[in-house]
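Okay, structure first, notes after.
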Amino acid sequence: MTSEKLPKGRYLVTGGAGFVGSHLSQRLLELGCEVVVMDNFITGRKSNIQNLLGNSKFSLVEKDIIEPLAISGGLAGIFHMASPASPVDYMKFPIETLRVGSIGSDNILNLAHQKKCPVLVASTSEIYGDPLEHPQKESYWGNVHTIGPRGCYDESKRYLEAITMAYHRVHNVSTRIIRIFNTYGPKMRTDDGRVVPNFCMQALANQDITVYGEGKQTRSFCYVDDLVEGILRVIQCDHIEPINLGNPVETTIYEFAERIITMAKSHSKIIHQPLPQDDPKTRCPDISKARKLLDWNPTVDLETGLRCAFDYFKSIR
Ligand code: UDP
């Protein structure tokens, strides 16, 4: 199974002007599909889809999916990617985050039911919270602080998973759930507060690199093209339960800072700032399910991927 085998048809991408959504939309067009992007631009950007606007197979609907939805014509499938996704963004927009995950997801699942098309929903490694199991398998139920600052995102996505299963069980909607782990690449916003744009921009400007806490917390970073390939395989498989998508190569944030300084040949120094509340101490996907079901494996190593992301940040600086 590969993305090339995806049935050519008309796909709706919610959040298609966001970082992952815009890469997914571009890939769908490259594969010969028609793409309708729906985005309210709360955190997405027109510039991410600027290169797609002239394509006759592409259309943009500027809309908040928590409002009643109607879309004419048939759909071959829906990719529901819409949501603020970086900690800085969802903490700035906690109510919008909870609403898009709940009301927005309900609307989108209902649309998939009406159109009788498959729907893939983007959940997240955040549903594991600050995990007590490592690496995280899909069978782990998580350790979430519901009322903490990250609770708005974690619970929005946990609700998303629950309502997705409900539509599947009650209406037999053909649903897929992916849990996306840290992903990076070109088109990330430089001000989204995440570690990749922060460190790259700081290194480019020879400014201090802000490691939160001691930097012993770990993350595993997946290049966006690998994620998109995984997404396009998941929609083609018939597995209803969640599938982790991420790169299992784990690094501490301190090592990550050192790596970026070296890559950028930067004069930046590492400084320490307070660790945000409830920042997960470890995160690493167990991707054996994706390997087995989709024959999928990340192919872009951190060095190569970071170079592409870095060059992008350099070009827009
Ligand atoms: N982080 C950091 N410095 C920064 C931004 C983030 O040390 O300038 C840390 C953050 O505390 C977390 C990790 O990098 O442990 C990844 O943070 P990010 O916001 O990218 O996403 P998260 O994985 O927490 O959702």
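Chains: A, B, ... in order of the structure tokens. Residues: from 1 per chain. Ligands: from 1, in order shown.
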Taking a cut-off of 8 Å and counting only C-alpha atoms, can you build a table that, for each residue of stretch 123-224 of chain A near stretch 12-25 of chain A, reports the nearest atom pair and how far apart they are in Å (one decimal), sorted by chain then residue number, as a Markdown table?
```
| residue | atom | partner | partner_atom | distance |
| --- | --- | --- | --- | --- |
| A:Lys187 | CA | A:Phe19 | CA | 5.6 |
| A:Met188 | CA | A:Phe19 | CA | 5.4 |
| A:Arg189 | CA | A:Phe19 | CA | 7.7 |
| A:Val224 | CA | A:Val20 | CA | 6.9 |
```
Quick check for you: according to DSSP on this backbone, which residues of stretch 156-254 of chain A are classed as strand (DSSP E or B)? Reply as a PyMOL selection string. chain A and resi 175-180+183-184+209-212+218-220+222-223+243-245+250-252
Give me, as a list in words, the set of residues whose atoms come within 7 Å of any atom of ligand 1, counting only C-alpha atoms and all ligand atoms. Ser86, Pro87, Asn182, Gly193, Arg194, Val195, Val196, Asn198, Phe199, Thr210, Val211, Tyr212, Gly213, Gly215, Gln217, Thr218, Arg219, Ile253, Leu275, Pro276, Asp279, Pro280 and Lys281 of chain A
Measuring between only C-alpha atoms, which one of A:Glu155, A:Asp226, A:Asp238, A:Glu133 shows the shortest distance to A:Asp286? A:Glu133
Residues within 12 Å of A:Val61, only C-alpha atoms, excluding chain neighbours under 3 positions, as a PyMOL selection string: chain A and resi 12-17+35-41+46+53+58+64-65+69-72
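Coordinates place atom CA of A:Glu4 at a distance of 10.7 Å from atom CA of A:Gln236.
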Determine, using only C-alpha atoms, which residues of stretch 174-293 of chain A have any atom at most 12 Å from an atom of stretch 91-109 of chain A, and tabulate each with its shortest atom pair and distance in Å to one decimal place, rows ordered by chain and then rising number, as a tab-separated table.
```
residue	atom	partner	partner_atom	distance
A:Ser174	CA	A:Leu109	CA	9.7
A:Thr175	CA	A:Leu109	CA	8.6
A:Arg176	CA	A:Leu109	CA	11.0
A:Asp192	CA	A:Lys92	CA	10.7
A:Gly193	CA	A:Met91	CA	10.9
A:Pro276	CA	A:Met91	CA	11.5
A:Gln277	CA	A:Met91	CA	11.6
```
If we count only C-alpha atoms, what is near A:Ser220 at a cut-off of 7 Å, once residues fewer than 3 positions away on the same chain are taken out, given as an MDAnalysis selection string? chainID A and resid 182 247:251 283:284
Nearest candidate to A:Met81 (options A:Leu294, A:Met165, A:Val121, A:Ala205; using only C-alpha atoms): A:Val121
Pick the closest to A:Ala85 from A:Val144, A:Ala309, A:Val173, A:Ala122: which is it, counting only C-alpha atoms?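 The closest residue to A:Ala85 is A:Ala122.
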Report the residues of stretch 82-268 of chain A whose backbone DSSP state falls under alpha helix (DSSP H), written as a VMD selection string. chain A and resid 87 to 92 94 to 99 105 to 115 151 to 171 195 to 204 224 to 234 253 to 264
Need to verify the contact set: A:Ser139, 10 Å, only C-alpha atoms, exclusion of same-chain residues closer than 3 positions in sequence. Can you return it as a count of residues only? 5
Identify, on the basis of only C-alpha atoms, every residue whose closest approach to stretch 150-154 of chain A does not exceed 7 Å; exclude the query and any residue fewer than 2 positions from it along the same chain; express the result as a list in words.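 The filter keeps Tyr90, Met91, Pro94, Thr97, Leu98, Glu126, Ile127, His145, Thr146, Ile147, Gly148, Ser156, Lys157 and Arg158 of chain A.
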Identify, on the basis of only C-alpha atoms, every residue whose closest approach to A:His168 does not exceed 12 Å; exclude the query and any residue fewer than 5 positions from it along the same chain; express the result as a compact mmCIF listing (two decimals) with N, CA and C atoms, in the first residue's frame.
```
# COMPACT_ATOMS: atom_id res chain seq x y z
N LEU A 109 -18.02 14.65 11.09
CA LEU A 109 -18.41 13.23 11.08
C LEU A 109 -19.81 13.08 10.49
N ASN A 110 -20.67 14.04 10.80
CA ASN A 110 -22.01 14.03 10.25
C ASN A 110 -21.96 14.20 8.73
N ALA A 112 -19.49 13.27 6.79
CA ALA A 112 -19.00 11.99 6.24
C ALA A 112 -20.15 10.99 6.18
N HIS A 113 -21.00 11.02 7.18
CA HIS A 113 -22.18 10.13 7.22
C HIS A 113 -23.11 10.44 6.04
N LYS A 116 -21.48 9.58 2.76
CA LYS A 116 -21.11 8.16 2.69
C LYS A 116 -19.67 7.99 2.23
N CYS A 117 -18.78 8.76 2.85
CA CYS A 117 -17.37 8.67 2.48
C CYS A 117 -16.52 8.42 3.73
N PRO A 118 -15.33 7.86 3.56
CA PRO A 118 -14.46 7.66 4.72
C PRO A 118 -13.96 8.99 5.29
N VAL A 119 -13.72 9.00 6.58
CA VAL A 119 -13.18 10.19 7.22
C VAL A 119 -12.02 9.80 8.12
N LEU A 120 -10.90 10.50 7.93
CA LEU A 120 -9.72 10.28 8.79
C LEU A 120 -9.61 11.48 9.72
N GLU A 161 -11.69 11.46 19.49
CA GLU A 161 -11.60 10.00 19.31
C GLU A 161 -12.91 9.32 19.72
N ALA A 162 -13.48 9.80 20.84
CA ALA A 162 -14.71 9.16 21.34
C ALA A 162 -15.87 9.35 20.37
N ILE A 163 -16.02 10.57 19.85
CA ILE A 163 -17.17 10.82 18.96
C ILE A 163 -16.94 10.13 17.61
N VAL A 173 -20.14 4.78 10.05
CA VAL A 173 -19.27 5.63 9.22
C VAL A 173 -17.89 4.98 9.16
N SER A 174 -17.28 5.07 7.98
CA SER A 174 -15.96 4.48 7.77
C SER A 174 -14.92 5.45 8.32
N THR A 175 -14.50 5.22 9.54
CA THR A 175 -13.63 6.18 10.24
C THR A 175 -12.21 5.65 10.39
N ARG A 176 -11.26 6.58 10.48
CA ARG A 176 -9.86 6.26 10.80
C ARG A 176 -9.38 7.29 11.81
N ILE A 177 -8.57 6.84 12.74
CA ILE A 177 -8.00 7.76 13.74
C ILE A 177 -6.48 7.64 13.70
N HIS A 239 -8.56 -0.28 9.12
CA HIS A 239 -8.40 -0.38 10.57
C HIS A 239 -9.09 0.82 11.24
N ILE A 240 -10.02 0.54 12.11
CA ILE A 240 -10.84 1.61 12.70
C ILE A 240 -10.19 2.20 13.94
N GLU A 241 -9.43 1.41 14.67
CA GLU A 241 -8.87 1.91 15.93
C GLU A 241 -7.63 2.79 15.68
```
